[in-house]
$ cat model.cif   # mmCIF, C-alpha atoms and all ligand atoms
data_model
loop_
_atom_site.label_atom_id
_atom_site.label_comp_id
_atom_site.auth_asym_id
_atom_site.auth_seq_id
_atom_site.Cartn_x
_atom_site.Cartn_y
_atom_site.Cartn_z
CA MET A 27 5.76 7.04 9.66
CA THR A 28 4.15 10.37 10.51
CA THR A 29 3.11 12.73 13.26
CA ARG A 30 0.06 13.76 11.23
CA ARG A 31 -3.28 13.16 12.89
CA GLN A 32 -4.83 9.82 11.88
CA ARG A 33 -7.70 10.38 9.44
CA GLU A 34 -10.99 8.55 9.74
CA GLY A 35 -10.63 5.13 8.11
CA GLU A 36 -6.82 5.12 8.30
CA VAL A 37 -5.23 2.14 10.00
CA ASP A 38 -2.10 2.42 12.14
CA GLY A 39 0.59 0.16 10.64
CA VAL A 40 -1.15 0.10 7.23
CA ASP A 41 -1.60 3.70 6.04
CA TYR A 42 1.17 4.92 8.32
CA PHE A 43 2.79 4.23 11.64
CA PHE A 44 1.31 7.14 13.60
CA LYS A 45 3.68 8.66 16.19
CA THR A 46 3.80 11.64 18.54
CA ARG A 47 6.36 14.39 17.85
CA GLU A 48 8.36 13.19 20.88
CA GLU A 49 8.45 9.60 19.62
CA PHE A 50 9.40 10.74 16.12
CA GLU A 51 12.19 13.04 17.37
CA SER A 52 13.58 10.25 19.50
CA LEU A 53 13.71 7.99 16.41
CA ILE A 54 15.51 10.78 14.49
CA GLU A 55 18.13 10.91 17.25
CA GLN A 56 18.54 7.14 17.06
CA ASP A 57 19.17 7.44 13.28
CA LYS A 58 16.24 5.18 12.44
CA PHE A 59 15.20 6.95 9.21
CA ILE A 60 16.48 6.66 5.64
CA GLU A 61 14.98 10.10 5.18
CA TYR A 62 12.57 12.38 6.97
CA ALA A 63 11.12 15.82 6.42
CA GLU A 64 8.64 18.27 7.86
CA TYR A 65 5.67 18.84 5.54
CA VAL A 66 2.83 21.26 6.32
CA GLY A 67 3.59 21.19 10.05
CA ASN A 68 4.12 17.44 10.49
CA TYR A 69 7.02 15.03 10.36
CA TYR A 70 7.03 12.25 7.77
CA GLY A 71 9.81 9.68 7.50
CA THR A 72 10.83 6.29 6.14
CA PRO A 73 12.08 3.79 8.74
CA ILE A 74 15.28 2.02 7.64
CA ASP A 75 14.42 -1.37 9.18
CA TYR A 76 11.08 -1.65 7.40
CA VAL A 77 12.65 -0.91 3.99
CA LYS A 78 15.56 -3.31 4.55
CA GLU A 79 13.26 -6.18 5.55
CA THR A 80 10.99 -5.62 2.54
CA MET A 81 13.90 -5.42 0.07
CA GLU A 82 15.43 -8.58 1.52
CA LYS A 83 12.17 -10.38 0.68
CA GLY A 84 12.76 -9.37 -2.96
CA TYR A 85 10.03 -6.75 -3.27
CA ASP A 86 10.28 -3.40 -5.03
CA VAL A 87 9.93 -0.79 -2.29
CA PHE A 88 7.86 2.27 -3.15
CA LEU A 89 8.37 5.44 -1.17
CA GLU A 90 5.48 7.85 -1.74
CA ILE A 91 7.26 10.88 -0.31
CA GLU A 92 7.64 14.63 -0.76
CA VAL A 93 10.60 16.33 -2.42
CA GLU A 94 12.88 17.04 0.57
CA GLY A 95 12.79 13.35 1.51
CA ALA A 96 13.37 12.33 -2.11
CA LYS A 97 16.53 14.49 -2.21
CA GLN A 98 17.87 12.61 0.83
CA VAL A 99 17.07 9.24 -0.77
CA ARG A 100 18.89 10.32 -3.93
CA GLU A 101 22.02 11.11 -1.90
CA LYS A 102 21.93 7.68 -0.26
CA PHE A 103 20.64 5.56 -3.17
CA PRO A 104 21.55 7.28 -6.46
CA GLU A 105 20.50 4.14 -8.35
CA ALA A 106 16.89 4.46 -7.13
CA LEU A 107 14.13 5.36 -9.59
CA PHE A 108 12.42 8.73 -9.11
CA ILE A 109 8.95 9.39 -10.51
CA PHE A 110 7.29 12.78 -10.07
CA LEU A 111 3.50 12.59 -9.84
CA ALA A 112 2.15 15.93 -11.09
CA PRO A 113 -1.41 17.25 -10.81
CA PRO A 114 -3.03 18.14 -14.18
CA ASP A 115 -3.32 21.73 -12.93
CA LEU A 116 -3.58 23.67 -9.68
CA THR A 117 -7.36 24.12 -9.89
CA GLN A 118 -7.91 20.36 -10.05
CA LEU A 119 -5.45 19.85 -7.20
CA GLU A 120 -7.37 22.35 -5.06
CA GLU A 121 -10.72 20.76 -5.98
CA ARG A 122 -9.37 17.30 -5.10
CA LEU A 123 -8.04 18.45 -1.75
CA ILE A 124 -11.32 20.21 -0.92
CA GLY A 125 -13.26 17.15 -2.14
CA ARG A 126 -11.29 14.86 0.18
CA GLY A 127 -12.73 16.78 3.11
CA THR A 128 -9.88 16.05 5.51
CA ASP A 129 -8.12 19.41 5.73
CA SER A 130 -8.96 22.97 6.75
CA MET A 131 -8.81 25.68 4.06
CA GLU A 132 -5.59 26.92 5.71
CA VAL A 133 -3.93 23.51 5.38
CA ILE A 134 -5.18 23.17 1.79
CA LYS A 135 -3.62 26.56 0.92
CA HIS A 136 -0.37 25.46 2.56
CA ARG A 137 -0.42 22.16 0.60
CA ILE A 138 -0.96 24.07 -2.66
CA ARG A 139 2.00 26.36 -1.86
CA GLU A 140 4.09 23.23 -1.29
CA ALA A 141 2.85 21.70 -4.55
CA LYS A 142 4.00 24.82 -6.44
CA ARG A 143 7.42 24.63 -4.79
CA GLU A 144 7.68 20.92 -5.59
CA LEU A 145 6.69 21.43 -9.25
CA ASN A 146 9.74 23.68 -9.56
CA LEU A 147 11.93 20.79 -8.39
CA MET A 148 10.69 18.30 -10.98
CA ASN A 149 14.12 18.37 -12.64
CA LEU A 150 15.44 16.16 -9.81
CA TYR A 151 13.31 13.26 -11.07
CA ASP A 152 13.78 10.65 -13.83
CA TYR A 153 10.13 10.46 -14.97
CA VAL A 154 6.98 12.55 -14.68
CA VAL A 155 3.47 11.09 -14.62
CA ILE A 156 0.59 13.54 -14.93
CA ASN A 157 -2.14 12.33 -12.61
CA GLU A 158 -5.26 12.95 -14.74
CA ASP A 159 -6.98 9.62 -14.32
CA VAL A 160 -6.04 7.27 -11.48
CA GLN A 161 -6.07 4.04 -13.53
CA GLN A 162 -4.04 5.63 -16.31
CA ALA A 163 -1.50 7.05 -13.84
CA LYS A 164 -1.24 3.63 -12.17
CA ARG A 165 -0.54 1.93 -15.52
CA ARG A 166 2.10 4.51 -16.38
CA VAL A 167 3.90 4.04 -13.06
CA GLN A 168 3.78 0.25 -13.56
CA CYS A 169 5.31 0.62 -17.05
CA ILE A 170 8.15 2.77 -15.74
CA VAL A 171 8.91 0.33 -12.93
CA GLU A 172 8.78 -2.64 -15.29
CA ALA A 173 11.13 -0.94 -17.75
CA SER A 174 13.53 -0.13 -14.94
CA HIS A 175 13.89 -3.86 -14.26
CA MET A 176 15.36 -4.15 -17.76
CA LYS A 177 18.03 -1.48 -17.39
CA ARG A 178 21.27 -2.91 -18.75
CA ALA A 179 23.16 -2.83 -15.45
CA ARG A 180 20.40 -4.77 -13.70
CA VAL A 181 20.11 -7.38 -16.44
CA GLU A 182 23.90 -7.78 -16.75
CA SER A 183 24.20 -8.65 -13.09
CA LYS A 184 21.69 -11.49 -13.67
CA LEU A 185 23.48 -12.69 -16.82
CA ARG A 186 26.91 -13.08 -15.24
CA LYS A 187 27.06 -16.82 -16.05
CA LEU A 188 26.10 -16.32 -19.69
CA LEU A 189 28.58 -13.48 -20.12
CA LEU A 190 31.35 -15.63 -18.63
CA GLU A 191 30.52 -18.42 -21.13
CA VAL A 192 30.60 -15.97 -24.03
CA ASN A 193 34.10 -14.89 -23.14
CA ASN A 194 35.60 -18.34 -22.56
N1 LIG B 1 9.64 12.65 3.22
C1 LIG B 1 8.56 11.90 3.38
N2 LIG B 1 7.38 12.31 2.86
C2 LIG B 1 6.30 11.52 3.04
C3 LIG B 1 6.37 10.27 3.72
N3 LIG B 1 5.13 9.74 3.74
C4 LIG B 1 4.32 10.58 3.06
N4 LIG B 1 5.02 11.66 2.64
C5 LIG B 1 4.54 12.81 1.84
O1 LIG B 1 3.95 13.78 2.69
C6 LIG B 1 2.92 14.46 2.00
C7 LIG B 1 1.64 14.50 2.82
O2 LIG B 1 1.18 13.21 3.04
P1 LIG B 1 -0.27 12.96 3.65
O3 LIG B 1 -0.51 13.87 4.80
O4 LIG B 1 -0.50 11.49 3.86
O5 LIG B 1 -1.21 13.50 2.50
P2 LIG B 1 -1.80 12.82 1.22
O6 LIG B 1 -0.65 12.24 0.45
O7 LIG B 1 -2.41 14.00 0.58
O8 LIG B 1 -2.76 11.80 1.70
C8 LIG B 1 2.75 13.76 0.65
O9 LIG B 1 3.47 14.51 -0.32
C9 LIG B 1 3.43 12.43 0.88
O10 LIG B 1 3.99 11.94 -0.32
C10 LIG B 1 7.63 9.85 4.23
O11 LIG B 1 7.80 8.79 4.82
N5 LIG B 1 8.68 10.72 4.03
N1 LIG B 2 -6.40 11.12 -10.69
C1 LIG B 2 -7.21 11.53 -9.71
N2 LIG B 2 -8.52 11.77 -10.00
C2 LIG B 2 -9.34 12.18 -9.03
N3 LIG B 2 -8.99 12.40 -7.75
C3 LIG B 2 -7.71 12.16 -7.41
C4 LIG B 2 -6.76 11.71 -8.37
N4 LIG B 2 -5.56 11.56 -7.74
C5 LIG B 2 -5.76 11.90 -6.46
N5 LIG B 2 -7.05 12.27 -6.25
C6 LIG B 2 -7.65 12.71 -4.99
O1 LIG B 2 -7.08 13.95 -4.65
C7 LIG B 2 -6.89 14.04 -3.22
C8 LIG B 2 -5.45 14.38 -2.90
O2 LIG B 2 -4.62 13.40 -3.50
P1 LIG B 2 -3.21 13.00 -2.95
O3 LIG B 2 -2.56 12.13 -3.95
O4 LIG B 2 -3.37 12.43 -1.59
O5 LIG B 2 -2.49 14.42 -2.90
P2 LIG B 2 -1.19 14.93 -2.17
O6 LIG B 2 -0.29 13.73 -1.98
O7 LIG B 2 -0.63 15.94 -3.11
O8 LIG B 2 -1.67 15.52 -0.89
C9 LIG B 2 -7.36 12.73 -2.65
O9 LIG B 2 -8.69 12.87 -2.18
C10 LIG B 2 -7.32 11.79 -3.82
O10 LIG B 2 -8.28 10.76 -3.72
#
$ encode --input "model.cif" --output "structure tokens" --more "lines below"
Ligand SMILES: Nc1nc2c(ncn2[C@@H]2O[C@H](COP(=O)(O)OP(=O)(O)O)[C@@H](O)[C@H]2O)c(=O)[nH]1
Ligand SMILES: Nc1ncnc2c1ncn2[C@@H]1O[C@H](COP(=O)(O)OP(=O)(O)O)[C@@H](O)[C@H]1O
Amino acid sequence: MTTRRQREGEVDGVDYFFKTREEFESLIEQDKFIEYAEYVGNYYGTPIDYVKETMEKGYDVFLEIEVEGAKQVREKFPEALFIFLAPPDLTQLEERLIGRGTDSMEVIKHRIREAKRELNLMNLYDYVVINEDVQQAKRRVQCIVEASHMKRARVESKLRKLLLEVNN
């Protein structure tokens, strides 16, 4: 959910739920977010209900969020998996943001300042994927998520019956 202006081609309810600042602040007061943060002048937040419903269906829920929000998620869900997506370098990040053609030079500068701040907070994350090539980055994220499904604690909880048999 965000108060950012909807970009051309973005679909409300798909890319984001687009809200006014008033609507967003009212949802904050009603405690409707797992996390929220202000990023480059706009609110961004993850609605609790949407995440709960998706998890109950058995899906992995991905939050593609900035660092302040990630810190809040870590407080609430320490068992979650945190992957830091890093740009190959700041020049490429700037070129990509300019190439996207959606932001003013002022906003792009602000986003680069934020990126520098976030790079200094990488130590809060479990994994880092350098985003050189999109397909390669996608494969790496998939590998990390797949491996996380095989963490001992997660597998043990599925093997309860077998482990009971072993000990009887
Ligand atoms: N905390 C938080 N950050 C978010 C959320 N959604 C998106 N963001 C982050 O906000 C930043 C800006 O997002 P956006 O304006 O869509 O830019 P884009 O990612 O460059 O297309 C990015 O770092 C997103 O990861 C959210 O629900 N919560
Ligand atoms: N690996 C990549 N190769 C080329 N362009 C990319 C790559 N990753 C992202 N981009 C482009 O860079 C721009 C900003 O990417 P995005 O991930 O939205 O950045 P941020 O979340 O830091 O604002 C977008 O236009 C996106 O298509």
$ residues_near_ligand --input "model.cif" --ligand "ligand LIG 2 (chain B)" --cutoff "7 Å" --atoms "all atoms listed in the file" --output "list of chain:residue names"
A:Leu119, A:Arg122, A:Leu123, A:Gly125, A:Arg126, A:Arg137, A:Ala141, A:Asn157, A:Glu158, A:Asp159, A:Val160
$ closest_atom_pairs --input "model.cif" --of "segment 48-137 of chain A" --to "segment 163-178 of chain A" --cutoff "9 Å" --atoms "all atoms listed in the file" --output "Markdown table"
| residue | atom | partner | partner_atom | distance |
| --- | --- | --- | --- | --- |
| A:Asp86 | CA | A:Val171 | CA | 8.8 |
| A:Leu107 | CA | A:Ser174 | CA | 7.7 |
| A:Ile109 | CA | A:Val167 | CA | 7.8 |
| A:Leu111 | CA | A:Ala163 | CA | 8.5 |
$ closest_atom_pairs --input "model.cif" --of "chain A" --to "ligand LIG 1 (chain B)" --cutoff "8 Å" --atoms "all atoms listed in the file" --output "JSON lines"
{"residue": "A:Met27", "atom": "CA", "partner": "B:LIG1", "partner_atom": "O11", "distance": 5.5}
{"residue": "A:Thr28", "atom": "CA", "partner": "B:LIG1", "partner_atom": "N3", "distance": 6.9}
{"residue": "A:Arg30", "atom": "CA", "partner": "B:LIG1", "partner_atom": "O3", "distance": 6.5}
{"residue": "A:Tyr42", "atom": "CA", "partner": "B:LIG1", "partner_atom": "N3", "distance": 7.7}
{"residue": "A:Glu61", "atom": "CA", "partner": "B:LIG1", "partner_atom": "N1", "distance": 6.2}
{"residue": "A:Tyr62", "atom": "CA", "partner": "B:LIG1", "partner_atom": "N1", "distance": 4.8}
{"residue": "A:Ala63", "atom": "CA", "partner": "B:LIG1", "partner_atom": "N1", "distance": 4.7}
{"residue": "A:Glu64", "atom": "CA", "partner": "B:LIG1", "partner_atom": "N1", "distance": 7.4}
{"residue": "A:Tyr65", "atom": "CA", "partner": "B:LIG1", "partner_atom": "O1", "distance": 6.1}
{"residue": "A:Val66", "atom": "CA", "partner": "B:LIG1", "partner_atom": "C7", "distance": 7.7}
{"residue": "A:Tyr69", "atom": "CA", "partner": "B:LIG1", "partner_atom": "C1", "distance": 7.8}
{"residue": "A:Tyr70", "atom": "CA", "partner": "B:LIG1", "partner_atom": "C10", "distance": 4.3}
{"residue": "A:Gly71", "atom": "CA", "partner": "B:LIG1", "partner_atom": "O11", "distance": 3.5}
{"residue": "A:Thr72", "atom": "CA", "partner": "B:LIG1", "partner_atom": "O11", "distance": 4.1}
{"residue": "A:Pro73", "atom": "CA", "partner": "B:LIG1", "partner_atom": "O11", "distance": 7.7}
{"residue": "A:Leu89", "atom": "CA", "partner": "B:LIG1", "partner_atom": "O11", "distance": 6.9}
{"residue": "A:Glu90", "atom": "CA", "partner": "B:LIG1", "partner_atom": "O10", "distance": 4.6}
{"residue": "A:Ile91", "atom": "CA", "partner": "B:LIG1", "partner_atom": "O10", "distance": 3.4}
{"residue": "A:Glu92", "atom": "CA", "partner": "B:LIG1", "partner_atom": "O9", "distance": 4.2}
{"residue": "A:Val93", "atom": "CA", "partner": "B:LIG1", "partner_atom": "N1", "distance": 6.8}
{"residue": "A:Glu94", "atom": "CA", "partner": "B:LIG1", "partner_atom": "N1", "distance": 6.1}
{"residue": "A:Gly95", "atom": "CA", "partner": "B:LIG1", "partner_atom": "N1", "distance": 3.7}
{"residue": "A:Ala96", "atom": "CA", "partner": "B:LIG1", "partner_atom": "N1", "distance": 6.5}
{"residue": "A:Leu123", "atom": "CA", "partner": "B:LIG1", "partner_atom": "O7", "distance": 7.5}
$ residues_around --input "model.cif" --residues "Asp75 of chain A" --least-positions-apart "2" --cutoff "12 Å" --atoms "only C-alpha atoms" --output "list in words"
Leu53, Asp57, Lys58, Phe59, Ile60, Thr72, Pro73, Val77, Lys78, Glu79, Thr80, Met81 and Glu82 of chain A
$ atom_distance --input "model.cif" --atom1 "atom CA of Tyr85 of chain A" --atom2 "atom CA of Thr46 of chain A"
29.2 Å
$ residues_around --input "model.cif" --residues "segment 145-147 of chain A" --least-positions-apart "3" --cutoff "9 Å" --atoms "all atoms listed in the file" --output "ChimeraX atom specification"
/A:93,110,112,140-142,150-151
$ atom_distance --input "model.cif" --atom1 "atom CA of Phe108 of chain A" --atom2 "atom CA of Val155 of chain A"
10.8 Å
$ atom_distance --input "model.cif" --atom1 "atom CA of Asn68 of chain A" --atom2 "atom CA of Arg31 of chain A"
8.9 Å
$ closest_residue --input "model.cif" --among "A:Arg47, A:Asp152, A:His136, A:Glu34" --to "Pro104 of chain A" --atoms "only C-alpha atoms"
A:Asp152
$ closest_residue --input "model.cif" --among "A:Glu36, A:Gln56, A:Lys97, A:Pro114" --to "Val154 of chain A" --atoms "only C-alpha atoms"
A:Pro114
$ closest_residue --input "model.cif" --among "A:Asp38, A:Tyr76, A:Glu105, A:Gln32" --to "Arg180 of chain A" --atoms "only C-alpha atoms"
A:Glu105
$ build_atoms --input "model.cif" --residues "segment 121-132 of chain A" --atoms "all heavy atoms" --output "JSON list (two decimals), keeping the file's coordinate frame"
[["chain", "number", "residue", "atom", "x", "y", "z"],
["A", 121, "GLU", "N", -9.39, 21.41, -6.05],
["A", 121, "GLU", "CA", -10.72, 20.76, -5.98],
["A", 121, "GLU", "C", -10.63, 19.37, -5.34],
["A", 121, "GLU", "O", -11.48, 18.99, -4.56],
["A", 121, "GLU", "CB", -11.31, 20.63, -7.40],
["A", 121, "GLU", "CG", -11.88, 21.95, -7.90],
["A", 121, "GLU", "CD", -12.23, 21.93, -9.39],
["A", 121, "GLU", "OE1", -12.05, 20.88, -10.03],
["A", 121, "GLU", "OE2", -12.65, 23.00, -9.90],
["A", 122, "ARG", "N", -9.54, 18.63, -5.68],
["A", 122, "ARG", "CA", -9.37, 17.30, -5.10],
["A", 122, "ARG", "C", -9.15, 17.38, -3.59],
["A", 122, "ARG", "O", -9.71, 16.59, -2.83],
["A", 122, "ARG", "CB", -8.19, 16.58, -5.76],
["A", 122, "ARG", "CG", -8.50, 16.14, -7.18],
["A", 122, "ARG", "CD", -7.26, 15.59, -7.85],
["A", 122, "ARG", "NE", -7.52, 15.21, -9.23],
["A", 122, "ARG", "CZ", -6.59, 14.73, -10.05],
["A", 122, "ARG", "NH1", -5.34, 14.58, -9.63],
["A", 122, "ARG", "NH2", -6.90, 14.40, -11.28],
["A", 123, "LEU", "N", -8.33, 18.34, -3.19],
["A", 123, "LEU", "CA", -8.04, 18.45, -1.75],
["A", 123, "LEU", "C", -9.29, 18.88, -0.99],
["A", 123, "LEU", "O", -9.57, 18.37, 0.10],
["A", 123, "LEU", "CB", -6.89, 19.44, -1.51],
["A", 123, "LEU", "CG", -5.51, 18.95, -1.96],
["A", 123, "LEU", "CD1", -4.48, 20.06, -1.88],
["A", 123, "LEU", "CD2", -5.05, 17.77, -1.10],
["A", 124, "ILE", "N", -10.06, 19.80, -1.57],
["A", 124, "ILE", "CA", -11.32, 20.21, -0.92],
["A", 124, "ILE", "C", -12.27, 19.01, -0.88],
["A", 124, "ILE", "O", -12.86, 18.71, 0.15],
["A", 124, "ILE", "CB", -11.96, 21.42, -1.67],
["A", 124, "ILE", "CG1", -11.06, 22.67, -1.52],
["A", 124, "ILE", "CG2", -13.36, 21.71, -1.14],
["A", 124, "ILE", "CD1", -11.47, 23.86, -2.38],
["A", 125, "GLY", "N", -12.36, 18.30, -2.02],
["A", 125, "GLY", "CA", -13.26, 17.15, -2.14],
["A", 125, "GLY", "C", -12.94, 16.05, -1.14],
["A", 125, "GLY", "O", -13.84, 15.33, -0.70],
["A", 126, "ARG", "N", -11.66, 15.91, -0.78],
["A", 126, "ARG", "CA", -11.29, 14.86, 0.18],
["A", 126, "ARG", "C", -11.89, 15.13, 1.55],
["A", 126, "ARG", "O", -12.19, 14.19, 2.29],
["A", 126, "ARG", "CB", -9.75, 14.78, 0.28],
["A", 126, "ARG", "CG", -9.29, 13.70, 1.21],
["A", 126, "ARG", "CD", -7.84, 13.36, 1.01],
["A", 126, "ARG", "NE", -6.96, 14.44, 1.46],
["A", 126, "ARG", "CZ", -5.65, 14.45, 1.26],
["A", 126, "ARG", "NH1", -5.08, 13.47, 0.60],
["A", 126, "ARG", "NH2", -4.91, 15.45, 1.70],
["A", 127, "GLY", "N", -12.05, 16.42, 1.87],
["A", 127, "GLY", "CA", -12.73, 16.78, 3.11],
["A", 127, "GLY", "C", -11.97, 16.45, 4.38],
["A", 127, "GLY", "O", -12.58, 16.26, 5.43],
["A", 128, "THR", "N", -10.64, 16.39, 4.30],
["A", 128, "THR", "CA", -9.88, 16.05, 5.51],
["A", 128, "THR", "C", -9.12, 17.23, 6.08],
["A", 128, "THR", "O", -8.62, 17.16, 7.20],
["A", 128, "THR", "CB", -8.84, 14.94, 5.20],
["A", 128, "THR", "OG1", -8.08, 15.32, 4.06],
["A", 128, "THR", "CG2", -9.52, 13.61, 4.96],
["A", 129, "ASP", "N", -8.98, 18.32, 5.29],
["A", 129, "ASP", "CA", -8.12, 19.41, 5.73],
["A", 129, "ASP", "C", -8.87, 20.75, 5.78],
["A", 129, "ASP", "O", -9.79, 20.98, 5.00],
["A", 129, "ASP", "CB", -6.93, 19.55, 4.76],
["A", 129, "ASP", "CG", -6.11, 18.27, 4.68],
["A", 129, "ASP", "OD1", -5.54, 17.87, 5.70],
["A", 129, "ASP", "OD2", -6.09, 17.66, 3.59],
["A", 130, "SER", "N", -8.40, 21.62, 6.68],
["A", 130, "SER", "CA", -8.96, 22.97, 6.75],
["A", 130, "SER", "C", -8.51, 23.75, 5.51],
["A", 130, "SER", "O", -7.55, 23.35, 4.85],
["A", 130, "SER", "CB", -8.46, 23.68, 8.00],
["A", 130, "SER", "OG", -7.05, 23.87, 7.87],
["A", 131, "MET", "N", -9.19, 24.86, 5.22],
["A", 131, "MET", "CA", -8.81, 25.68, 4.06],
["A", 131, "MET", "C", -7.37, 26.18, 4.22],
["A", 131, "MET", "O", -6.63, 26.28, 3.24],
["A", 131, "MET", "CB", -9.79, 26.86, 3.94],
["A", 131, "MET", "CG", -10.15, 27.24, 2.54],
["A", 131, "MET", "SD", -10.41, 25.86, 1.40],
["A", 131, "MET", "CE", -9.57, 26.48, -0.04],
["A", 132, "GLU", "N", -6.96, 26.44, 5.47],
["A", 132, "GLU", "CA", -5.59, 26.92, 5.71],
["A", 132, "GLU", "C", -4.57, 25.85, 5.32],
["A", 132, "GLU", "O", -3.57, 26.13, 4.64],
["A", 132, "GLU", "CB", -5.47, 27.27, 7.20],
["A", 132, "GLU", "CG", -4.21, 28.02, 7.56],
["A", 132, "GLU", "CD", -4.00, 28.05, 9.08],
["A", 132, "GLU", "OE1", -4.98, 27.89, 9.83],
["A", 132, "GLU", "OE2", -2.82, 28.19, 9.48]]
